[in-house]
>>> print(open('target.cif').read())   # mmCIF, C-alpha atoms
data_entry
loop_
_atom_site.label_atom_id
_atom_site.label_comp_id
_atom_site.auth_asym_id
_atom_site.auth_seq_id
_atom_site.Cartn_x
_atom_site.Cartn_y
_atom_site.Cartn_z
CA MET A 1 94.39 -19.52 77.14
CA SER A 2 92.61 -20.36 80.38
CA GLU A 3 94.08 -22.67 82.93
CA VAL A 4 93.00 -26.33 83.07
CA VAL A 5 91.07 -27.30 86.23
CA HIS A 6 92.64 -30.40 87.81
CA ASN A 7 90.89 -30.60 91.17
CA PHE A 8 87.26 -31.22 92.10
CA THR A 9 85.31 -28.02 92.61
CA SER A 10 81.69 -26.93 92.74
CA THR A 11 82.58 -23.81 90.72
CA ILE A 12 81.51 -24.72 87.20
CA PRO A 13 84.38 -24.44 84.69
CA THR A 14 84.04 -23.98 80.94
CA TRP A 15 84.68 -26.99 78.69
CA SER A 16 87.07 -27.04 75.77
CA PRO A 17 86.98 -29.95 73.29
CA TYR A 18 90.02 -31.81 71.91
CA VAL A 19 88.24 -32.24 68.56
CA THR A 20 86.86 -29.49 66.34
CA PRO A 21 83.16 -28.98 67.11
CA VAL A 22 80.62 -28.90 64.31
CA GLU A 23 80.06 -25.33 63.10
CA LEU A 24 76.49 -24.22 63.51
CA ALA A 25 76.55 -22.44 60.13
CA SER A 26 77.47 -25.61 58.26
CA ALA A 27 75.52 -28.14 60.35
CA THR A 28 73.23 -30.55 58.49
CA PRO A 29 69.47 -30.58 59.16
CA GLU A 30 69.94 -33.83 61.10
CA GLN A 31 72.66 -32.26 63.25
CA LEU A 32 70.52 -29.19 63.90
CA ALA A 33 67.59 -31.38 64.92
CA ALA A 34 69.80 -33.48 67.23
CA MET A 35 71.10 -30.28 68.85
CA LYS A 36 67.51 -28.99 69.23
CA VAL A 37 68.45 -25.82 67.35
CA THR A 38 65.36 -23.77 66.59
CA PRO A 39 64.90 -20.13 65.57
CA SER A 40 64.30 -19.30 69.27
CA ASN A 41 67.09 -21.51 70.60
CA LYS A 42 70.43 -20.81 68.99
CA GLY A 43 72.60 -21.09 72.10
CA VAL A 44 74.49 -24.35 71.67
CA SER A 45 77.39 -25.34 73.92
CA PRO A 46 80.79 -26.53 72.60
CA TYR A 47 79.95 -29.93 74.15
CA VAL A 48 76.74 -30.34 72.15
CA LEU A 49 78.45 -29.03 69.00
CA THR A 50 81.14 -31.69 69.51
CA LEU A 51 78.62 -34.48 70.00
CA ALA A 52 76.80 -33.31 66.86
CA HIS A 53 79.47 -35.20 64.89
CA ASP A 54 77.29 -38.23 65.75
CA PRO A 55 73.75 -36.86 65.47
CA GLU A 56 72.02 -40.24 65.68
CA SER A 57 73.47 -40.87 69.16
CA LEU A 58 72.97 -37.31 70.35
CA ALA A 59 69.31 -37.26 69.28
CA VAL A 60 68.53 -40.23 71.53
CA ARG A 61 70.88 -39.56 74.41
CA SER A 62 69.56 -36.08 75.22
CA PRO A 63 65.95 -37.15 75.97
CA LEU A 64 67.19 -40.28 77.77
CA PHE A 65 69.49 -38.19 79.96
CA ASN A 66 66.74 -35.69 80.76
CA LEU A 67 64.25 -38.38 81.69
CA ILE A 68 66.72 -40.18 83.96
CA MET A 69 67.87 -37.00 85.71
CA TYR A 70 64.74 -34.87 85.72
CA GLY A 71 61.83 -37.34 85.39
CA LYS A 72 58.98 -37.17 87.89
CA ASP A 73 58.47 -39.26 91.08
CA GLY A 74 60.88 -41.89 92.39
CA LEU A 75 64.30 -40.76 93.60
CA SER A 76 64.47 -37.10 94.63
CA PRO A 77 66.27 -34.64 92.33
CA ALA A 78 69.04 -34.14 94.93
CA GLU A 79 69.65 -37.87 95.24
CA ARG A 80 69.77 -38.31 91.45
CA GLU A 81 72.45 -35.60 91.48
CA LEU A 82 74.28 -37.56 94.18
CA GLY A 83 74.22 -40.63 91.90
CA ALA A 84 75.63 -38.51 89.06
CA LEU A 85 78.28 -37.02 91.35
CA SER A 86 79.31 -40.48 92.61
CA ALA A 87 80.00 -41.73 89.08
CA SER A 88 81.78 -38.48 88.18
CA VAL A 89 84.15 -38.85 91.16
CA VAL A 90 85.05 -42.43 90.18
CA ASN A 91 85.62 -41.41 86.56
CA ARG A 92 87.27 -38.14 87.62
CA CYS A 93 85.15 -36.02 85.31
CA ILE A 94 85.92 -32.65 86.90
CA TYR A 95 83.39 -30.80 84.75
CA CYS A 96 80.49 -33.22 85.38
CA ALA A 97 81.32 -33.33 89.09
CA ALA A 98 81.22 -29.52 89.29
CA VAL A 99 77.87 -29.22 87.51
CA HIS A 100 76.17 -31.95 89.51
CA ALA A 101 77.74 -31.02 92.86
CA SER A 102 76.42 -27.53 92.27
CA ARG A 103 72.93 -28.85 91.46
CA PHE A 104 73.02 -31.17 94.49
CA ILE A 105 73.80 -28.17 96.68
CA ASN A 106 71.00 -26.14 95.07
CA TYR A 107 68.45 -28.89 95.69
CA SER A 108 69.59 -30.00 99.15
CA GLY A 109 71.40 -26.99 100.65
CA ARG A 110 73.98 -29.52 101.88
CA LYS A 111 77.30 -28.06 100.83
CA GLU A 112 79.11 -30.11 103.49
CA VAL A 113 78.27 -33.36 101.68
CA VAL A 114 80.01 -32.13 98.54
CA GLU A 115 82.99 -30.86 100.55
CA GLU A 116 83.38 -34.29 102.16
CA ILE A 117 83.12 -36.10 98.82
CA PHE A 118 85.61 -33.78 97.12
CA THR A 119 88.06 -34.21 100.03
CA ASP A 120 87.87 -37.93 100.74
CA GLU A 121 86.40 -39.14 97.43
CA ARG A 122 85.65 -42.86 97.74
CA ASP A 123 86.56 -42.87 101.46
CA SER A 124 83.88 -40.29 102.27
CA THR A 125 81.93 -40.63 105.52
CA LEU A 126 78.33 -39.50 105.06
CA GLU A 127 74.96 -39.80 106.80
CA ALA A 128 73.47 -43.30 106.57
CA ARG A 129 71.15 -42.83 103.59
CA GLU A 130 73.64 -40.75 101.60
CA GLN A 131 76.39 -43.25 102.46
CA ALA A 132 74.32 -46.15 101.08
CA LEU A 133 73.56 -44.23 97.89
CA PHE A 134 77.16 -43.09 97.46
CA ASN A 135 78.66 -46.53 98.10
CA PHE A 136 76.32 -48.25 95.67
CA ALA A 137 76.68 -45.64 92.92
CA THR A 138 80.48 -45.45 93.15
CA LYS A 139 80.85 -49.24 93.18
CA LEU A 140 78.54 -49.52 90.16
CA SER A 141 80.82 -47.05 88.36
CA THR A 142 84.14 -48.88 88.74
CA THR A 143 85.67 -51.39 86.31
CA PRO A 144 85.43 -54.18 87.28
CA ILE A 145 82.03 -53.36 88.74
CA GLU A 146 82.39 -53.72 92.51
CA ALA A 147 78.76 -53.30 93.61
CA SER A 148 77.47 -56.38 95.46
CA ALA A 149 74.14 -57.67 96.71
CA ASP A 150 75.09 -56.34 100.16
CA ASP A 151 75.53 -52.85 98.69
CA ALA A 152 72.10 -53.18 97.05
CA ARG A 153 70.50 -54.46 100.30
CA ALA A 154 71.94 -51.44 102.11
CA LEU A 155 69.78 -49.22 99.87
CA GLY A 156 66.59 -50.90 101.05
CA GLU A 157 67.81 -50.78 104.65
CA ALA A 158 68.43 -47.04 104.23
CA GLY A 159 64.78 -46.65 103.22
CA LEU A 160 64.97 -46.49 99.42
CA SER A 161 61.95 -47.94 97.63
CA GLU A 162 62.38 -50.27 94.66
CA LEU A 163 61.68 -47.37 92.28
CA GLU A 164 64.22 -45.15 94.05
CA GLN A 165 66.80 -47.93 93.85
CA LEU A 166 66.12 -48.27 90.11
CA ASP A 167 66.46 -44.51 89.63
CA LEU A 168 69.82 -44.61 91.41
CA VAL A 169 71.07 -47.37 89.09
CA LEU A 170 69.98 -45.25 86.12
CA SER A 171 71.45 -41.96 87.34
CA ALA A 172 74.83 -43.56 88.11
CA ALA A 173 74.80 -45.49 84.81
CA ILE A 174 73.93 -42.50 82.62
CA PHE A 175 76.99 -40.77 84.10
CA GLY A 176 79.05 -43.79 83.16
CA TRP A 177 78.06 -42.57 79.70
CA ALA A 178 78.30 -38.79 80.17
CA ASN A 179 81.67 -38.93 81.98
CA ARG A 180 83.15 -41.01 79.17
CA LEU A 181 82.25 -38.26 76.70
CA MET A 182 82.95 -35.12 78.69
CA HIS A 183 86.15 -36.25 80.40
CA THR A 184 87.73 -37.93 77.38
CA LEU A 185 86.72 -35.54 74.55
CA GLY A 186 87.78 -32.29 76.21
CA GLU A 187 88.99 -30.55 79.34
CA PRO A 188 87.62 -28.17 81.97
CA LEU A 189 89.06 -24.66 81.94
CA VAL A 190 88.84 -21.97 84.62
CA ARG A 191 85.90 -19.74 83.73
CA PRO A 192 87.47 -16.36 82.80
CA GLU A 193 85.42 -14.25 85.21
CA ALA A 194 86.24 -16.65 88.07
CA SER A 195 90.01 -16.58 87.59
CA MET B 1 57.83 -54.50 73.30
CA THR B 2 60.43 -56.14 75.51
CA THR B 3 63.79 -54.42 75.35
CA LEU B 4 67.24 -56.04 75.33
CA ILE B 5 67.90 -54.97 78.92
CA GLU B 6 64.67 -56.58 80.15
CA THR B 7 65.30 -59.74 78.14
CA ILE B 8 68.79 -60.17 79.54
CA VAL B 9 67.86 -59.50 83.18
CA GLY B 10 64.57 -61.43 83.01
CA VAL B 11 62.63 -59.54 85.67
CA PRO B 12 59.24 -61.10 86.52
CA ALA B 13 56.53 -58.54 85.68
CA ALA B 14 54.73 -59.14 88.99
CA SER B 15 57.84 -58.53 91.13
CA ARG B 16 58.50 -55.21 92.89
CA LEU B 17 61.36 -54.55 90.46
CA GLY B 18 59.03 -55.44 87.59
CA HIS B 19 56.58 -52.79 88.78
CA ALA B 20 59.39 -50.25 89.11
CA LEU B 21 60.57 -51.00 85.55
CA ASN B 22 56.99 -50.61 84.38
CA ALA B 23 57.14 -47.03 85.70
CA ARG B 24 60.27 -46.43 83.60
CA THR B 25 59.21 -47.90 80.25
CA GLU B 26 60.14 -44.74 78.34
CA ILE B 27 63.68 -44.92 79.73
CA LEU B 28 63.93 -48.57 78.65
CA ARG B 29 62.58 -47.67 75.21
CA LEU B 30 65.08 -44.82 74.79
CA SER B 31 67.90 -47.10 76.00
CA GLU B 32 66.95 -49.53 73.24
CA ALA B 33 66.85 -46.67 70.70
CA ALA B 34 70.31 -45.61 71.90
CA HIS B 35 71.54 -49.16 71.36
CA ASP B 36 70.27 -49.04 67.79
CA ALA B 37 71.77 -45.57 67.17
CA VAL B 38 75.18 -46.63 68.44
CA LEU B 39 75.41 -50.22 67.18
CA LEU B 40 73.38 -50.01 63.97
CA PRO B 41 73.52 -46.37 62.85
CA ARG B 42 72.20 -45.39 59.43
CA GLU B 43 75.41 -43.37 58.96
CA PRO B 44 78.22 -45.50 60.47
CA GLY B 45 81.11 -43.32 59.24
CA GLY B 46 84.42 -45.16 59.61
CA LEU B 47 82.98 -47.60 62.17
CA SER B 48 81.10 -50.33 60.32
CA HIS B 49 78.37 -52.24 62.14
CA GLY B 50 80.68 -55.25 62.38
CA LEU B 51 83.52 -53.22 63.89
CA ARG B 52 81.09 -51.69 66.39
CA ALA B 53 79.86 -55.15 67.41
CA ALA B 54 83.44 -56.42 67.81
CA LEU B 55 84.46 -53.45 69.99
CA ALA B 56 81.25 -53.75 72.04
CA ALA B 57 81.93 -57.45 72.67
CA ARG B 58 85.52 -56.61 73.65
CA MET B 59 84.31 -54.06 76.23
CA CYS B 60 81.74 -56.51 77.60
CA ARG B 61 84.48 -59.13 78.02
CA HIS B 62 86.56 -56.62 80.01
CA VAL B 63 83.65 -56.25 82.43
CA GLY B 64 82.79 -59.96 82.37
CA ASP B 65 79.16 -59.68 81.25
CA GLU B 66 78.60 -62.97 79.44
CA ALA B 67 75.04 -62.31 78.29
CA LEU B 68 75.82 -58.94 76.73
CA THR B 69 79.04 -60.34 75.21
CA ALA B 70 76.99 -63.09 73.57
CA HIS B 71 74.57 -60.48 72.17
CA TYR B 72 77.37 -58.53 70.49
CA ASP B 73 79.18 -61.68 69.36
CA SER B 74 75.98 -62.63 67.59
CA TYR B 75 75.81 -59.20 65.89
CA LEU B 76 79.43 -59.66 64.83
CA ALA B 77 78.77 -63.15 63.46
CA HIS B 78 75.91 -61.78 61.34
CA SER B 79 77.98 -58.92 59.95
CA SER B 80 80.22 -59.13 56.90
CA ASP B 81 83.24 -57.81 58.81
CA LEU B 82 84.67 -61.01 60.17
CA ASP B 83 88.16 -59.49 59.78
CA PHE B 84 87.35 -57.58 62.96
CA ALA B 85 86.46 -60.71 64.96
CA VAL B 86 89.96 -60.73 66.44
CA LEU B 87 89.20 -57.33 68.05
CA ALA B 88 86.28 -58.80 70.01
CA ARG B 89 88.74 -60.23 72.55
CA PRO B 90 90.79 -58.10 74.97
CA GLY B 91 94.35 -57.96 73.69
CA GLY B 92 93.30 -58.88 70.15
CA VAL B 93 95.00 -56.89 67.38
CA CYS B 94 94.16 -56.87 63.68
CA GLY B 95 97.45 -55.41 62.47
CA ASP B 96 95.88 -52.34 60.95
CA PRO B 97 97.02 -49.25 62.93
CA LEU B 98 93.70 -47.39 62.49
CA HIS B 99 91.46 -50.12 63.90
CA ASP B 100 93.97 -51.20 66.53
CA ALA B 101 94.06 -47.60 67.78
CA MET B 102 90.26 -47.66 68.03
CA ALA B 103 90.40 -50.92 70.01
CA ARG B 104 92.97 -49.43 72.41
CA HIS B 105 90.70 -46.46 72.94
CA ALA B 106 87.73 -48.72 73.62
CA ASP B 107 89.90 -50.42 76.27
CA LEU B 108 90.76 -47.06 77.85
CA LEU B 109 87.10 -45.93 77.85
CA THR B 110 86.11 -49.14 79.63
CA LEU B 111 88.99 -49.83 82.00
CA SER B 112 90.31 -46.45 83.07
CA PRO B 113 88.42 -43.48 81.64
CA ARG B 114 89.70 -41.38 84.54
CA GLU B 115 93.26 -41.72 83.14
CA SER B 116 92.23 -40.38 79.73
CA THR B 117 94.03 -37.25 78.50
CA ARG B 118 94.38 -35.02 75.46
CA GLN B 119 97.19 -37.34 74.28
CA ASP B 120 94.73 -40.22 73.87
CA ILE B 121 92.67 -38.21 71.38
CA ALA B 122 95.91 -37.06 69.71
CA ALA B 123 96.91 -40.74 69.33
CA LEU B 124 93.63 -41.50 67.55
CA LYS B 125 94.14 -38.56 65.20
CA ALA B 126 97.74 -39.68 64.54
CA ALA B 127 96.46 -43.16 63.64
CA GLY B 128 94.17 -41.56 61.05
CA VAL B 129 90.84 -41.62 62.92
CA SER B 130 88.72 -38.67 61.75
CA GLU B 131 87.26 -36.25 64.29
CA ALA B 132 83.71 -37.44 63.58
CA ASP B 133 84.83 -41.04 64.05
CA ILE B 134 86.47 -40.11 67.36
CA VAL B 135 83.07 -38.91 68.56
CA ARG B 136 81.33 -42.01 67.17
CA LEU B 137 83.86 -44.27 68.93
CA SER B 138 83.45 -42.34 72.18
CA GLU B 139 79.65 -42.68 72.02
CA LEU B 140 80.01 -46.41 71.39
CA GLY B 141 82.34 -46.91 74.36
CA ALA B 142 80.29 -44.66 76.61
CA PHE B 143 76.98 -46.29 75.68
CA VAL B 144 78.20 -49.86 76.20
CA ASN B 145 79.51 -48.87 79.62
CA TYR B 146 76.09 -47.36 80.45
CA GLN B 147 74.36 -50.54 79.34
CA LEU B 148 76.79 -52.74 81.35
CA ARG B 149 75.98 -50.75 84.49
CA VAL B 150 72.23 -50.76 84.01
CA LEU B 151 72.40 -54.54 83.62
CA ALA B 152 74.69 -55.00 86.63
CA GLY B 153 72.48 -52.81 88.80
CA LEU B 154 69.25 -54.52 87.74
CA ARG B 155 70.74 -57.97 88.35
CA LEU B 156 71.61 -56.92 91.91
CA LEU B 157 68.13 -55.50 92.54
CA LYS B 158 66.62 -58.70 91.18
CA GLU B 159 68.93 -60.83 93.32
CA ILE B 160 68.05 -59.12 96.59
CA GLU B 161 64.33 -59.42 95.91
CA ALA B 162 64.53 -63.16 95.17
#
>>> encode(input="target.cif", output="structure tokens")
Amino acid sequence: MSEVVHNFTSTIPTWSPYVTPVELASATPEQLAAMKVTPSNKGVSPYVLTLAHDPESLAVRSPLFNLIMYGKDGLSPAERELGALSASVVNRCIYCAAVHASRFINYSGRKEVVEEIFTDERDSTLEAREQALFNFATKLSTTPIEASADDARALGEAGLSELEQLDLVLSAAIFGWANRLMHTLGEPLVRPEAS
Amino acid sequence: MTTLIETIVGVPAASRLGHALNARTEILRLSEAAHDAVLLPREPGGLSHGLRAALAARMCRHVGDEALTAHYDSYLAHSSDLDFAVLARPGGVCGDPLHDAMARHADLLTLSPRESTRQDIAALKAAGVSEADIVRLSELGAFVNYQLRVLAGLRLLKEIEA
């Protein structure tokens, strides 16, 4: 049994569910469709197999997630990842934080931003534009929601257009969703080859 | 078609935020479809539409979103599950261990998801919640928290433009 990962890392762990995932061999046609299983695509993660218990939700959430995170124009891919990472730090979803920190680094080359966020979490000190994004996205992720009009104004002052601001709201919010699945339905384990 | 999120926030189409939303119509449409899939699924499992509305209203009350609370209260009032109405308020218990365990989990998902552990899923199983219903409940809690944050964010963007 692999060791559980308790600290933020940009090394992507594996994910092990607390509930029994759907078995591909016995999945219903609706579950297969929601998982996007086709003859040429049979690789399905334990996470997707777990969510397949509720195929109606999964079938809608996957395209919504992809459009928010990977849609064209508006907020840059790196900054959408920063929105995702901000929510994941607040909700302490170690797995989500690892995946999206890693993508942020791939897009931006800015490993030091991730190191700062993983060290100081909500007290992180970042460059002005990243700070405005991070502050707004983390404060939108808390309960109660702490984000204020001043936090929103800071986005415009940091140079974000209206569309970029909207994309930041969406990328932080969709991780309010994703974190609540990934962090509560299973746990991150050290990837065997990395241990 | 105007979606629930747009109706609640009331963004003028000619505003800068209105133009930005117009560039994201597919995201709004899919958010509405997600609402329908989570609140009004064809296959509700052990979470009836009325129970879902009650738990959604409870989570909205935790976050203090009056408009979204009113939306789910209205769904609850139109359902035939008025026994669950007591669960629509934080702290409300119905006396049935299964549904009270679901309400506690909805509280956890909303208030402190970061504190969630394996034991919380074990507690649901011990109360008799099936594994498929655990996933359905998690999607409900996660979706409502997404929706609450989209609304909160849009209200702020609208406010600073006004």
>>> interface_residues(input="target.cif", of="chain A", to="chain B", cutoff="6 Å", atoms="only C-alpha atoms", output="JSON, numbers by chain")
{"A": [19, 53, 54, 56, 57, 60, 64, 91, 92, 143, 144, 149, 163, 169, 173, 174, 176, 177, 180, 184]}
>>> atom_distance(input="target.cif", atom1="atom CA of B:Ala106", atom2="atom CA of B:Arg52")
10.3 Å
>>> resolve_selection(input="target.cif", expression="the PyMOL selection byres ((chain A and resi 105) around 12)", output="ChimeraX atom specification")
/A:10-11,77-79,81-82,85,97-104,106-115
>>> write_last_selection(input="target.cif", atoms="C-alpha atoms", output="PDB file, in the frame of the given file")
ATOM      1  CA  SER A  10      81.690 -26.930  92.740  1.00  0.00           C
ATOM      2  CA  THR A  11      82.580 -23.810  90.720  1.00  0.00           C
ATOM      3  CA  PRO A  77      66.270 -34.640  92.330  1.00  0.00           C
ATOM      4  CA  ALA A  78      69.040 -34.140  94.930  1.00  0.00           C
ATOM      5  CA  GLU A  79      69.650 -37.870  95.240  1.00  0.00           C
ATOM      6  CA  GLU A  81      72.450 -35.600  91.480  1.00  0.00           C
ATOM      7  CA  LEU A  82      74.280 -37.560  94.180  1.00  0.00           C
ATOM      8  CA  LEU A  85      78.280 -37.020  91.350  1.00  0.00           C
ATOM      9  CA  ALA A  97      81.320 -33.330  89.090  1.00  0.00           C
ATOM     10  CA  ALA A  98      81.220 -29.520  89.290  1.00  0.00           C
ATOM     11  CA  VAL A  99      77.870 -29.220  87.510  1.00  0.00           C
ATOM     12  CA  HIS A 100      76.170 -31.950  89.510  1.00  0.00           C
ATOM     13  CA  ALA A 101      77.740 -31.020  92.860  1.00  0.00           C
ATOM     14  CA  SER A 102      76.420 -27.530  92.270  1.00  0.00           C
ATOM     15  CA  ARG A 103      72.930 -28.850  91.460  1.00  0.00           C
ATOM     16  CA  PHE A 104      73.020 -31.170  94.490  1.00  0.00           C
ATOM     17  CA  ASN A 106      71.000 -26.140  95.070  1.00  0.00           C
ATOM     18  CA  TYR A 107      68.450 -28.890  95.690  1.00  0.00           C
ATOM     19  CA  SER A 108      69.590 -30.000  99.150  1.00  0.00           C
ATOM     20  CA  GLY A 109      71.400 -26.990 100.650  1.00  0.00           C
ATOM     21  CA  ARG A 110      73.980 -29.520 101.880  1.00  0.00           C
ATOM     22  CA  LYS A 111      77.300 -28.060 100.830  1.00  0.00           C
ATOM     23  CA  GLU A 112      79.110 -30.110 103.490  1.00  0.00           C
ATOM     24  CA  VAL A 113      78.270 -33.360 101.680  1.00  0.00           C
ATOM     25  CA  VAL A 114      80.010 -32.130  98.540  1.00  0.00           C
ATOM     26  CA  GLU A 115      82.990 -30.860 100.550  1.00  0.00           C
TER      27      GLU A 115
END
>>> resolve_selection(input="target.cif", expression="the PyMOL selection byres ((chain B and resi 72-86) around 7)", output="list in words")
Gly50, Leu51, Ala53, Ala54, Ala56, Ala57, Leu68, Thr69, Ala70, His71, Leu87, Ala88, Arg89, Gly92, Val93 and Cys94 of chain B
>>> atom_distance(input="target.cif", atom1="atom CA of B:Val11", atom2="atom CA of B:Arg61")
23.2 Å
>>> atom_distance(input="target.cif", atom1="atom CA of A:Leu189", atom2="atom CA of A:Lys42")
23.0 Å
>>> resolve_selection(input="target.cif", expression="the PyMOL selection byres ((chain A and resi 154) around 12)", output="list in words")
Ala128, Arg129, Glu130, Gln131, Ala132, Leu133, Phe134, Asn135, Phe136, Ala137, Ala147, Ser148, Ala149, Asp150, Asp151, Ala152, Arg153, Leu155, Gly156, Glu157, Ala158, Gly159, Leu160, Ser161 and Gln165 of chain A; Leu156, Leu157 and Ile160 of chain B
>>> closest_residue(input="target.cif", among="B:Val9, B:Gly128, B:Ala14, B:Leu55", to="B:Asp96", atoms="all atoms listed in the file")
B:Gly128
>>> residues_around(input="target.cif", residues="A:Ser88", least_positions_apart="2", cutoff="9 Å", atoms="only C-alpha atoms", output="PyMOL selection string")
chain A and resi 83-86+90-97+100+138+141+172+175-176+178-179
>>> axis_aligned_box(input="target.cif", around="stretch 50-54 of chain B", padding_each_side="3 Å", output="JSON")
{"center_x": 81.7, "center_y": -54.1, "center_z": 65.1, "size_x": 9.7, "size_y": 10.7, "size_z": 11.4}
>>> closest_residue(input="target.cif", among="B:Ile5, B:Leu98, B:Asp107, B:Asp65", to="B:Leu124", atoms="only C-alpha atoms")
B:Leu98
>>> decode(input="target.cif", residues="stretch 105-116 of chain B", atoms="N, CA, C and O atoms", output="mmCIF file, in the first residue's frame")
data_model
loop_
_atom_site.group_PDB
_atom_site.id
_atom_site.type_symbol
_atom_site.label_atom_id
_atom_site.label_comp_id
_atom_site.auth_asym_id
_atom_site.auth_seq_id
_atom_site.Cartn_x
_atom_site.Cartn_y
_atom_site.Cartn_z
ATOM 1 N N HIS B 105 -23.091 15.729 5.879
ATOM 2 C CA HIS B 105 -22.049 15.720 4.853
ATOM 3 C C HIS B 105 -22.169 16.943 3.944
ATOM 4 O O HIS B 105 -21.148 17.504 3.525
ATOM 5 N N ALA B 106 -23.392 17.352 3.660
ATOM 6 C CA ALA B 106 -23.579 18.578 2.871
ATOM 7 C C ALA B 106 -22.985 19.777 3.617
ATOM 8 O O ALA B 106 -22.384 20.674 3.007
ATOM 9 N N ASP B 107 -23.129 19.788 4.946
ATOM 10 C CA ASP B 107 -22.525 20.857 5.757
ATOM 11 C C ASP B 107 -21.003 20.842 5.613
ATOM 12 O O ASP B 107 -20.373 21.881 5.403
ATOM 13 N N LEU B 108 -20.432 19.642 5.737
ATOM 14 C CA LEU B 108 -18.972 19.506 5.640
ATOM 15 C C LEU B 108 -18.483 19.968 4.261
ATOM 16 O O LEU B 108 -17.491 20.705 4.150
ATOM 17 N N LEU B 109 -19.168 19.532 3.204
ATOM 18 C CA LEU B 109 -18.760 19.899 1.842
ATOM 19 C C LEU B 109 -18.794 21.411 1.643
ATOM 20 O O LEU B 109 -18.003 21.961 0.883
ATOM 21 N N THR B 110 -19.718 22.076 2.331
ATOM 22 C CA THR B 110 -19.856 23.521 2.154
ATOM 23 C C THR B 110 -18.919 24.299 3.067
ATOM 24 O O THR B 110 -18.242 25.219 2.623
ATOM 25 N N LEU B 111 -18.885 23.912 4.343
ATOM 26 C CA LEU B 111 -18.191 24.736 5.340
ATOM 27 C C LEU B 111 -16.701 24.445 5.435
ATOM 28 O O LEU B 111 -15.909 25.359 5.616
ATOM 29 N N SER B 112 -16.322 23.195 5.365
ATOM 30 C CA SER B 112 -14.907 22.872 5.596
ATOM 31 C C SER B 112 -14.469 21.644 4.808
ATOM 32 O O SER B 112 -14.036 20.653 5.393
ATOM 33 N N PRO B 113 -14.581 21.699 3.492
ATOM 34 C CA PRO B 113 -14.181 20.528 2.692
ATOM 35 C C PRO B 113 -12.730 20.136 2.956
ATOM 36 O O PRO B 113 -12.391 18.961 2.874
ATOM 37 N N ARG B 114 -11.889 21.110 3.310
ATOM 38 C CA ARG B 114 -10.478 20.785 3.529
ATOM 39 C C ARG B 114 -10.294 19.845 4.712
ATOM 40 O O ARG B 114 -9.280 19.150 4.805
ATOM 41 N N GLU B 115 -11.258 19.812 5.650
ATOM 42 C CA GLU B 115 -11.155 18.942 6.829
ATOM 43 C C GLU B 115 -11.659 17.526 6.548
ATOM 44 O O GLU B 115 -11.601 16.664 7.414
ATOM 45 N N SER B 116 -12.194 17.303 5.371
ATOM 46 C CA SER B 116 -12.816 16.019 5.052
ATOM 47 C C SER B 116 -11.788 14.887 5.018
ATOM 48 O O SER B 116 -10.674 15.065 4.529
#
